[in-house]
>>> print(open('upload-v6.cif').read())   # mmCIF, C-alpha atoms
data_query
#
loop_
_atom_site.label_atom_id
_atom_site.label_comp_id
_atom_site.auth_asym_id
_atom_site.auth_seq_id
_atom_site.Cartn_x
_atom_site.Cartn_y
_atom_site.Cartn_z
CA MET A 512 95.81 150.29 97.12
CA ALA A 513 94.63 149.29 100.54
CA LYS A 514 94.43 145.51 100.95
CA VAL A 515 93.09 145.45 104.48
CA TYR A 516 89.33 144.98 104.93
CA SER A 517 87.42 145.23 108.18
CA ASP A 518 85.75 141.82 108.05
CA ALA A 519 85.13 138.73 105.90
CA THR A 520 81.90 140.03 104.37
CA SER A 521 83.41 143.29 103.14
CA ALA A 522 86.54 141.48 101.91
CA LEU A 523 84.40 139.23 99.71
CA ALA A 524 82.13 142.01 98.43
CA GLY A 525 81.90 142.01 94.64
CA LEU A 526 83.90 138.79 94.29
CA LEU A 527 81.17 136.14 94.53
CA LYS A 528 78.88 134.87 91.80
CA ASP A 529 76.97 131.66 91.14
CA ASP A 530 78.82 128.87 89.26
CA MET A 531 82.25 130.16 90.20
CA VAL A 532 85.34 128.12 91.13
CA ILE A 533 86.72 128.69 94.64
CA MET A 534 89.89 127.25 96.18
CA ALA A 535 89.85 126.88 99.96
CA GLY A 536 93.04 126.12 101.90
CA GLY A 537 93.38 123.72 104.81
CA PHE A 538 93.94 120.06 105.65
CA GLY A 539 91.02 118.66 107.59
CA LEU A 540 90.07 121.56 109.87
CA CYS A 541 93.71 122.66 110.20
CA GLY A 542 94.50 125.97 108.52
CA ILE A 543 91.07 126.51 106.98
CA PRO A 544 89.83 130.03 106.12
CA SER A 545 86.90 129.54 108.49
CA LEU A 546 85.66 133.16 108.65
CA LEU A 547 85.72 133.53 104.86
CA ILE A 548 83.82 130.26 104.42
CA LYS A 549 81.14 131.47 106.86
CA ALA A 550 80.86 134.74 104.94
CA ILE A 551 80.49 132.87 101.64
CA ARG A 552 77.67 130.89 103.21
CA GLU A 553 75.88 134.06 104.31
CA THR A 554 75.80 135.45 100.76
CA GLY A 555 73.92 132.37 99.52
CA VAL A 556 76.05 132.17 96.35
CA LYS A 557 75.44 128.75 94.78
CA ASN A 558 76.49 126.08 92.25
CA LEU A 559 80.04 126.45 93.46
CA THR A 560 82.93 124.27 92.38
CA ILE A 561 85.21 124.01 95.39
CA ILE A 562 88.83 122.91 95.17
CA SER A 563 89.97 121.82 98.61
CA ASN A 564 91.84 118.79 99.93
CA ASN A 565 88.91 117.84 102.18
CA ALA A 566 85.27 118.83 102.54
CA GLY A 567 85.21 119.86 106.20
CA VAL A 568 83.14 118.03 108.77
CA ASP A 569 79.47 118.39 109.68
CA GLY A 570 78.95 121.92 110.95
CA GLU A 571 82.55 123.08 110.38
CA GLY A 572 84.58 124.38 107.47
CA LEU A 573 83.25 123.50 104.03
CA GLY A 574 80.63 121.35 105.75
CA LEU A 575 78.80 124.67 106.24
CA LEU A 576 78.48 125.20 102.47
CA LEU A 577 77.37 121.61 101.94
CA GLU A 578 74.56 121.96 104.50
CA THR A 579 73.11 124.88 102.52
CA ARG A 580 73.62 123.04 99.21
CA GLN A 581 75.77 125.80 97.77
CA VAL A 582 78.30 123.33 96.37
CA LYS A 583 77.83 121.66 92.98
CA LYS A 584 81.20 119.96 92.72
CA MET A 585 84.20 119.20 94.92
CA ILE A 586 87.74 118.60 93.68
CA SER A 587 89.42 116.86 96.64
CA SER A 588 91.69 113.99 97.66
CA TYR A 589 89.79 112.71 100.69
CA VAL A 590 86.29 113.42 101.99
CA GLY A 591 85.80 110.79 104.67
CA GLU A 592 84.68 112.89 107.62
CA ASN A 593 81.35 114.33 106.51
CA LYS A 594 77.89 112.77 106.74
CA THR A 595 76.25 115.62 104.81
CA PHE A 596 78.73 115.03 102.04
CA ALA A 597 77.99 111.30 101.89
CA GLN A 598 74.23 111.86 101.79
CA GLN A 599 74.37 114.42 98.98
CA TYR A 600 76.92 112.41 97.04
CA LEU A 601 74.97 109.14 97.26
CA ALA A 602 71.77 111.01 96.26
CA GLY A 603 73.56 112.27 93.14
CA GLU A 604 73.27 115.91 94.23
CA LEU A 605 76.98 116.51 94.56
CA GLU A 606 79.70 115.84 92.05
CA ILE A 607 83.17 114.83 93.18
CA GLU A 608 86.45 114.69 91.30
CA PHE A 609 89.04 112.79 93.31
CA ASN A 610 92.65 113.80 92.79
CA PRO A 611 95.63 112.13 94.43
CA GLN A 612 96.74 114.56 97.13
CA GLY A 613 100.15 115.27 95.61
CA THR A 614 98.64 115.66 92.15
CA LEU A 615 96.09 118.11 93.57
CA ALA A 616 98.84 120.13 95.29
CA GLU A 617 100.96 120.18 92.14
CA ARG A 618 98.02 121.06 89.87
CA ILE A 619 97.40 124.12 92.04
CA ARG A 620 101.09 125.02 92.20
CA ALA A 621 101.34 124.64 88.40
CA GLY A 622 98.19 126.71 87.82
CA GLY A 623 99.54 129.56 89.89
CA ALA A 624 102.95 129.32 88.20
CA GLY A 625 101.54 129.55 84.67
CA ILE A 626 102.20 125.91 83.84
CA PRO A 627 99.20 124.46 81.94
CA ALA A 628 100.13 120.80 82.43
CA PHE A 629 102.80 118.44 83.77
CA TYR A 630 103.59 114.72 83.83
CA THR A 631 103.59 112.60 86.99
CA LYS A 632 103.93 108.88 87.70
CA THR A 633 101.24 109.13 90.38
CA GLY A 634 98.19 107.17 89.24
CA VAL A 635 99.76 105.43 86.23
CA GLY A 636 97.88 102.18 85.63
CA THR A 637 94.89 103.28 87.75
CA LEU A 638 91.43 104.80 87.11
CA ILE A 639 92.99 108.24 87.60
CA ALA A 640 94.98 107.89 84.38
CA GLN A 641 91.98 106.98 82.22
CA GLY A 642 91.47 109.36 79.32
CA LYS A 643 94.65 111.27 80.10
CA ASP A 644 97.71 111.59 77.90
CA GLU A 645 100.50 109.18 78.84
CA ARG A 646 104.16 109.54 77.89
CA GLU A 647 107.33 107.66 78.57
CA PHE A 648 110.38 109.47 79.95
CA ASN A 649 113.61 107.55 80.57
CA GLY A 650 111.76 104.26 80.22
CA GLU A 651 109.07 105.09 82.81
CA LYS A 652 105.40 105.88 82.19
CA TYR A 653 103.92 109.21 83.27
CA VAL A 654 100.41 110.64 83.07
CA MET A 655 99.60 114.22 82.14
CA GLU A 656 97.77 116.36 84.68
CA THR A 657 96.61 119.92 84.08
CA GLY A 658 97.17 123.04 86.17
CA LEU A 659 94.29 124.38 88.23
CA LEU A 660 93.14 127.99 88.61
CA ALA A 661 90.23 129.49 90.52
CA ASP A 662 88.12 132.63 90.31
CA LEU A 663 88.75 133.09 94.01
CA ALA A 664 91.16 131.59 96.55
CA VAL A 665 90.43 131.87 100.28
CA VAL A 666 93.36 131.09 102.56
CA HIS A 667 94.32 131.11 106.23
CA ALA A 668 97.65 132.33 107.59
CA TRP A 669 99.05 132.89 111.05
CA LYS A 670 100.52 136.31 110.43
CA GLY A 671 100.17 138.82 107.64
CA ASP A 672 101.11 142.43 107.05
CA THR A 673 99.21 145.22 105.36
CA GLU A 674 101.03 144.48 102.07
CA GLY A 675 99.61 140.92 102.14
CA ASN A 676 102.86 139.12 102.97
CA LEU A 677 101.96 135.90 104.78
CA VAL A 678 103.56 133.57 107.31
CA TYR A 679 101.97 130.25 108.26
CA ARG A 680 102.18 128.28 111.49
CA LYS A 681 103.17 124.60 111.77
CA SER A 682 101.02 122.15 109.77
CA ALA A 683 98.37 124.84 109.14
CA ARG A 684 100.42 125.82 106.07
CA ASN A 685 99.41 122.81 103.90
CA PHE A 686 97.56 123.92 100.72
CA ASN A 687 97.35 127.63 101.58
CA PRO A 688 100.55 128.89 99.88
CA MET A 689 99.81 127.27 96.50
CA MET A 690 96.18 128.33 96.54
CA ALA A 691 97.20 131.92 97.23
CA THR A 692 99.06 131.84 93.90
CA ALA A 693 96.27 130.22 91.89
CA GLY A 694 93.29 132.47 92.58
CA LYS A 695 92.43 135.32 90.19
CA VAL A 696 91.71 137.07 93.46
CA THR A 697 93.08 135.78 96.78
CA VAL A 698 91.59 136.75 100.12
CA ALA A 699 93.53 135.85 103.28
CA GLN A 700 92.39 135.71 106.90
CA VAL A 701 95.29 136.15 109.33
CA GLU A 702 95.37 135.61 113.08
CA HIS A 703 97.84 138.45 113.53
CA LEU A 704 97.72 141.49 111.26
CA VAL A 705 100.88 143.60 111.56
CA GLU A 706 102.42 146.67 109.96
CA CYS A 707 104.80 146.26 107.04
CA GLY A 708 108.37 145.80 108.18
CA THR A 709 107.37 143.78 111.22
CA ILE A 710 107.86 140.38 109.60
CA ASP A 711 111.46 139.51 108.71
CA PRO A 712 111.40 139.48 104.87
CA ASP A 713 113.45 136.27 104.96
CA HIS A 714 110.61 134.55 106.81
CA ILE A 715 107.78 135.46 104.44
CA ILE A 716 106.30 132.35 102.80
CA THR A 717 103.69 133.97 100.55
CA PRO A 718 104.78 137.30 99.06
CA GLY A 719 102.09 139.98 99.02
CA ILE A 720 101.79 139.98 95.23
CA PHE A 721 99.61 136.86 95.59
CA VAL A 722 97.21 138.40 98.10
CA GLN A 723 94.71 141.08 97.09
CA ARG A 724 92.62 141.35 100.23
CA ILE A 725 93.35 140.56 103.86
CA ILE A 726 91.35 140.49 107.09
CA HIS A 727 92.30 140.20 110.72
CA ALA A 728 90.80 137.06 112.27
CA ALA A 729 91.18 138.18 115.88
CA GLY A 730 90.61 135.63 118.64
CA LEU A 731 89.87 132.92 116.13
CA GLU A 732 88.59 129.65 117.57
CA LYS A 733 90.43 126.79 115.89
CA LYS A 734 88.91 123.31 116.02
CA ILE A 735 90.67 119.99 116.57
CA GLU A 736 89.31 117.08 114.55
CA GLN A 737 91.05 114.16 116.29
CA ARG A 738 92.23 115.00 119.78
CA THR A 739 94.95 112.45 120.62
CA VAL A 740 97.08 112.67 123.76
CA ARG A 741 99.56 110.58 125.74
CA GLN A 742 99.56 110.10 129.50
CA ARG A 743 102.02 112.03 131.63
CA ALA A 744 104.55 109.65 133.17
CA MET B 260 100.20 81.41 116.33
CA ALA B 261 99.62 84.41 114.10
CA TRP B 262 101.34 87.69 114.92
CA THR B 263 99.35 90.37 116.78
CA ARG B 264 99.06 93.88 115.40
CA GLU B 265 101.87 94.97 117.72
CA GLU B 266 104.08 92.07 116.58
CA MET B 267 103.37 92.95 112.95
CA ALA B 268 104.40 96.55 113.64
CA ALA B 269 107.57 95.36 115.41
CA ARG B 270 108.45 93.18 112.42
CA ALA B 271 107.86 96.10 110.03
CA ALA B 272 110.22 98.24 112.16
CA LYS B 273 113.01 95.84 111.17
CA GLU B 274 112.81 97.40 107.69
CA LEU B 275 113.92 100.76 109.13
CA ARG B 276 117.54 101.83 108.66
CA ASP B 277 119.54 104.55 110.37
CA GLY B 278 119.01 107.88 108.61
CA TYR B 279 115.80 106.85 106.85
CA TYR B 280 112.99 109.29 106.08
CA VAL B 281 109.76 107.31 106.49
CA ASN B 282 106.06 107.82 105.87
CA LEU B 283 103.69 105.70 107.97
CA GLY B 284 100.07 105.17 106.95
CA ILE B 285 97.03 105.19 109.19
CA GLY B 286 96.17 102.09 111.30
CA ILE B 287 98.71 99.35 112.09
CA PRO B 288 101.50 101.23 110.22
CA THR B 289 101.25 104.08 112.77
CA LEU B 290 102.26 101.58 115.50
CA VAL B 291 105.64 101.08 113.79
CA SER B 292 106.83 104.35 115.35
CA ASN B 293 106.75 102.63 118.77
CA TYR B 294 109.41 100.13 117.63
CA ILE B 295 112.17 102.36 116.25
CA PRO B 296 115.33 100.78 117.76
CA ASP B 297 117.23 102.82 120.36
CA GLY B 298 120.12 104.69 118.81
CA MET B 299 118.60 104.67 115.32
CA THR B 300 117.73 108.04 113.78
CA VAL B 301 114.56 107.93 111.69
CA GLN B 302 112.59 111.01 110.61
CA LEU B 303 108.87 110.46 110.16
CA GLN B 304 107.20 112.42 107.37
CA SER B 305 103.59 113.48 107.57
CA GLU B 306 102.30 114.28 104.10
CA ASN B 307 100.24 117.25 105.26
CA GLY B 308 103.54 119.13 105.54
CA MET B 309 105.91 118.04 108.29
CA LEU B 310 109.17 116.15 108.73
CA GLY B 311 110.26 115.00 112.16
CA MET B 312 106.91 114.03 113.64
CA GLY B 313 106.88 113.69 117.43
CA PRO B 314 104.55 111.69 119.72
CA PHE B 315 101.02 112.65 120.77
CA PRO B 316 100.97 115.72 123.07
CA TYR B 317 100.32 115.59 126.79
CA GLU B 318 96.75 116.47 127.68
CA GLY B 319 96.40 120.23 127.64
CA ASP B 320 99.26 120.70 125.15
CA GLU B 321 97.19 119.95 122.03
CA ASP B 322 97.70 122.47 119.23
CA PRO B 323 95.05 122.76 116.48
CA ASP B 324 97.82 123.91 114.09
CA LEU B 325 99.85 120.75 114.66
CA ILE B 326 98.30 117.58 113.27
CA ASN B 327 99.40 114.55 111.27
CA ALA B 328 97.88 113.23 108.05
CA GLY B 329 95.32 111.30 110.11
CA LYS B 330 94.25 114.68 111.55
CA GLN B 331 95.48 113.62 115.02
CA THR B 332 97.18 116.11 117.32
CA ILE B 333 100.94 115.50 117.52
CA THR B 334 104.11 117.29 118.67
CA GLU B 335 107.29 118.58 117.07
CA LEU B 336 110.92 117.57 117.66
CA PRO B 337 114.23 119.47 117.48
CA THR B 338 114.62 118.12 113.91
CA THR B 339 111.14 119.21 112.77
CA SER B 340 110.52 121.23 109.63
CA TYR B 341 107.22 122.41 108.14
CA PHE B 342 106.43 122.93 104.46
CA SER B 343 103.55 123.19 102.01
CA SER B 344 101.64 120.26 100.51
CA ALA B 345 103.42 120.90 97.18
CA ASP B 346 106.84 120.61 98.85
CA SER B 347 105.64 117.58 100.79
CA PHE B 348 104.71 115.72 97.64
CA ALA B 349 107.87 116.90 95.89
CA MET B 350 109.63 114.91 98.62
CA ILE B 351 107.38 111.94 98.04
CA ARG B 352 107.11 111.98 94.25
CA GLY B 353 110.75 112.96 93.82
CA GLY B 354 111.94 109.77 95.51
CA HIS B 355 113.40 111.46 98.60
CA ILE B 356 111.44 109.35 101.09
CA ASP B 357 113.11 106.00 101.77
CA LEU B 358 110.23 103.91 103.02
CA SER B 359 106.43 103.95 102.99
CA ILE B 360 104.54 101.53 105.23
CA LEU B 361 100.82 101.41 104.55
CA GLY B 362 97.74 99.24 104.76
CA ALA B 363 95.97 97.52 101.86
CA MET B 364 92.79 95.77 100.82
CA GLN B 365 94.52 93.65 98.17
CA VAL B 366 98.05 93.02 96.87
CA ALA B 367 98.74 91.07 93.67
CA GLU B 368 101.75 88.88 92.87
CA ASN B 369 102.94 91.51 90.34
CA GLY B 370 103.08 94.17 93.06
CA ASP B 371 99.76 95.83 92.22
CA LEU B 372 98.12 97.47 95.24
CA ALA B 373 94.45 98.26 95.91
CA ASN B 374 93.55 100.21 99.03
CA TRP B 375 91.30 103.14 98.14
CA MET B 376 87.92 102.15 96.76
CA ILE B 377 85.30 99.44 96.65
CA PRO B 378 82.94 99.95 93.71
CA GLY B 379 79.37 100.51 94.87
CA LYS B 380 80.40 101.74 98.31
CA MET B 381 80.93 105.32 99.47
CA ILE B 382 84.35 106.36 98.21
CA LYS B 383 86.31 108.56 100.56
CA GLY B 384 89.22 109.18 98.23
CA MET B 385 92.82 108.10 97.87
CA GLY B 386 94.38 110.92 99.88
CA GLY B 387 98.13 110.71 99.41
CA ALA B 388 98.32 106.94 98.88
CA MET B 389 98.72 107.02 95.08
CA ASP B 390 101.56 109.53 95.31
CA LEU B 391 103.29 107.58 98.09
CA VAL B 392 103.29 104.23 96.30
CA ALA B 393 104.38 105.81 93.02
CA GLY B 394 107.20 107.89 94.48
CA VAL B 395 108.66 106.34 97.63
CA LYS B 396 111.77 104.14 97.18
CA LYS B 397 110.47 101.11 99.10
CA VAL B 398 106.81 100.27 99.71
CA VAL B 399 105.91 97.84 102.51
CA VAL B 400 102.30 96.76 103.01
CA LEU B 401 101.22 95.89 106.53
CA MET B 402 97.85 94.09 106.66
CA GLU B 403 95.90 91.07 107.89
CA HIS B 404 96.51 88.06 105.66
CA VAL B 405 92.81 87.51 105.05
CA ALA B 406 89.75 89.69 105.74
CA LYS B 407 86.58 87.86 106.78
CA GLU B 408 87.71 84.73 104.87
CA GLU B 409 88.41 86.86 101.77
CA LYS B 410 91.91 86.35 100.40
CA LYS B 411 93.98 89.52 100.01
CA LEU B 412 97.18 88.22 98.39
CA LEU B 413 95.92 87.62 94.87
CA LYS B 414 97.02 86.75 91.35
CA ARG B 415 95.41 89.99 90.17
CA CYS B 416 93.66 92.67 92.24
CA THR B 417 89.90 92.74 91.68
CA LEU B 418 89.50 96.22 93.21
CA PRO B 419 90.57 99.43 91.42
CA LEU B 420 94.32 99.96 91.82
CA THR B 421 96.13 102.51 93.93
CA GLY B 422 99.35 101.73 92.09
CA ALA B 423 100.56 99.22 89.48
CA GLY B 424 103.61 97.10 90.32
CA VAL B 425 104.55 99.23 93.32
CA VAL B 426 104.72 96.89 96.36
CA ASN B 427 108.12 95.56 97.48
CA MET B 428 107.14 93.66 100.63
CA VAL B 429 104.02 92.48 102.46
CA ILE B 430 103.95 91.80 106.19
CA THR B 431 100.83 90.00 107.43
CA ASP B 432 99.86 88.30 110.67
CA LEU B 433 101.04 85.02 109.10
CA GLY B 434 104.39 85.96 107.57
CA VAL B 435 106.65 88.19 105.51
CA PHE B 436 106.55 88.16 101.72
CA THR B 437 108.76 89.86 99.17
CA VAL B 438 107.39 90.94 95.80
CA GLY B 439 109.80 91.04 92.87
CA LYS B 440 110.14 90.33 89.17
CA ASP B 441 109.87 86.59 89.92
CA GLY B 442 106.61 87.01 91.86
CA MET B 443 105.81 86.61 95.53
CA THR B 444 108.14 84.81 97.94
CA ALA B 445 107.52 83.90 101.59
CA ILE B 446 110.70 84.67 103.54
CA GLU B 447 109.42 84.42 107.12
CA ILE B 448 106.53 82.59 108.81
CA ALA B 449 104.93 83.53 112.14
CA PRO B 450 105.28 81.07 115.06
CA HIS B 451 103.23 77.85 114.74
CA VAL B 452 101.88 78.91 111.33
CA THR B 453 102.39 76.26 108.64
CA ARG B 454 103.22 76.54 104.94
CA GLU B 455 99.95 74.74 104.29
CA GLU B 456 97.93 77.36 106.17
CA ILE B 457 99.64 80.17 104.25
CA SER B 458 99.13 78.41 100.91
CA ALA B 459 95.45 77.81 101.71
CA LYS B 460 94.95 81.50 102.55
CA THR B 461 96.85 82.87 99.55
CA GLU B 462 95.61 83.03 95.97
CA ALA B 463 98.84 84.50 94.53
CA SER B 464 101.44 82.04 93.24
CA LEU B 465 103.76 81.81 96.19
CA ARG B 466 107.28 80.47 96.45
CA PHE B 467 108.81 79.63 99.82
CA ALA B 468 112.35 80.93 100.10
CA ASP B 469 115.16 78.37 100.46
CA ASN B 470 116.32 80.18 103.57
CA LEU B 471 112.77 80.60 104.92
CA VAL B 472 112.70 81.67 108.57
CA GLN B 473 110.13 79.88 110.73
CA HIS B 474 109.73 82.09 113.81
#
>>> encode(input="upload-v6.cif", output="structure tokens")
Amino acid sequence: MAKVYSDATSALAGLLKDDMVIMAGGFGLCGIPSLLIKAIRETGVKNLTIISNNAGVDGEGLGLLLETRQVKKMISSYVGENKTFAQQYLAGELEIEFNPQGTLAERIRAGGAGIPAFYTKTGVGTLIAQGKDEREFNGEKYVMETGLLADLAVVHAWKGDTEGNLVYRKSARNFNPMMATAGKVTVAQVEHLVECGTIDPDHIITPGIFVQRIIHAAGLEKKIEQRTVRQRA
Amino acid sequence: MAWTREEMAARAAKELRDGYYVNLGIGIPTLVSNYIPDGMTVQLQSENGMLGMGPFPYEGDEDPDLINAGKQTITELPTTSYFSSADSFAMIRGGHIDLSILGAMQVAENGDLANWMIPGKMIKGMGGAMDLVAGVKKVVVLMEHVAKEEKKLLKRCTLPLTGAGVVNMVITDLGVFTVGKDGMTAIEIAPHVTREEISAKTEASLRFADNLVQH
């Protein structure tokens, strides 16, 4: 079965419906599936629940779906960089479920690995633990968190082959590998699309079994959120 | 005279040990990386998926794929490794990181920490702070002693907690304080700062160590 699609719109065809749950990889604007997010926006699909560490910034990333009010709920760890988000949230138009970042990562990993729940000490004694099962192991308290799954996961990788094997680059890896495992369908955008056998199998981070559709994001423009430099001596 | 932000960071760097893996929070804690003693090997962890964080890049060398947890462009080192967010927090939650230095809004005498939300204000989220304070071996808070006359070292935090009983040490512009089973103890005082000033600006029950260092 051919996994390669010609562009983001065709790769998402038949996968989108209102009220669905979508996972989107990335940390800030680093390693976000930017072309797939733009294509989701163009379809106008709405009432989305989006699982993503952040909510983009104004005009970039998931900020694009907030502008068009396609998002009903975000499950995130930090959403500080987005005025649109703040406005909609304060007006009661947008629901947010905050998860500690490590708990969010592990919930997605667990979901993809078929683990319905796990115990963590993160958040014990805080608002996060309220209403959740608590258990003691070896004299320490832990709170139960559940695994997360999505109808669709959209991820970004540096290199991918026609089988869907993925390699990431530097800190653009972040949430992408776990999300690829936790989507009923996973669509990947890759900066370099290569033939099978080109990537050393020992270097593959996400095996192709987790990726159903793949597109080549040629000449992708990647944004920098906080440009920080040092002076040359 | 109270310590400056740079002096606070330099004092926090004294908590580093050779071979440590360390996570630095955003703000004053980031400055600690400028005070790693020569000859000491310390690997900085960035919770978005990197160990061995290097300095900011030279202008023109910025890489959108290479950022720290504050979303700032950075560089890699010969020791650098990259990994997923799940692996990153396995390191943190699993107790493999030796030291976390982070900022706070409030710290209580029982080690409770509040640094992520103020009820009624826009909440940005806790990011990785709850995982860091729950999982890292030693947690050092680096913050101003008071904020706009509001005391920050308290008997009990009034803001929602980031972690319960998690803080081991607090370094402020006025001094250094350990937090243990017997409460909060001042072990060092900044130059020309008096015990009376510290007591007046602290709500927590505070003991002054017998071997207190007056800088």
>>> resolve_selection(input="upload-v6.cif", expression="the PyMOL selection byres ((chain A) within 6 of (chain B))", output="list of chain:residue names")
A:Cys541, A:Ser588, A:Tyr589, A:Val590, A:Gly591, A:Pro611, A:Gln612, A:Gly613, A:Ala616, A:Glu617, A:Thr633, A:Gly634, A:Gly636, A:Thr637, A:Lys681, A:Ser682, A:Ala683, A:Arg684, A:Asn685, A:Phe686, A:Ile735, A:Gln737, A:Arg738, A:Thr739, A:Val740, A:Arg741
>>> residues_around(input="upload-v6.cif", residues="B:Thr461", least_positions_apart="2", cutoff="10 Å", atoms="all atoms listed in the file", output="count of residues only")
16
>>> atom_distance(input="upload-v6.cif", atom1="atom CA of A:Ile619", atom2="atom CA of A:Ile720")
16.8 Å
>>> closest_residue(input="upload-v6.cif", among="A:Val705, A:Val665, A:Val654, A:Leu559", to="A:Ile586", atoms="all atoms listed in the file")
A:Leu559
>>> resolve_selection(input="upload-v6.cif", expression="the PyMOL selection byres ((chain A and resi 523) around 10)", output="number ranges by chain")
A: 516, 518-522, 524-527, 547, 550-551, 554, 663, 665, 696-698, 724-725
>>> resolve_selection(input="upload-v6.cif", expression="the PyMOL selection byres ((chain B and resi 282-293) around 6)", output="PyMOL selection string")
chain B and resi 268+272+281+294-295+303-304+359-361
>>> atom_distance(input="upload-v6.cif", atom1="atom CA of B:Val452", atom2="atom CA of B:Thr431")
11.8 Å
>>> atom_distance(input="upload-v6.cif", atom1="atom CA of B:Gly434", atom2="atom CA of B:Cys416")
19.9 Å
>>> closest_residue(input="upload-v6.cif", among="B:Ile356, B:Leu336, B:Leu310, B:Met376", to="B:Leu418", atoms="all atoms listed in the file")
B:Met376
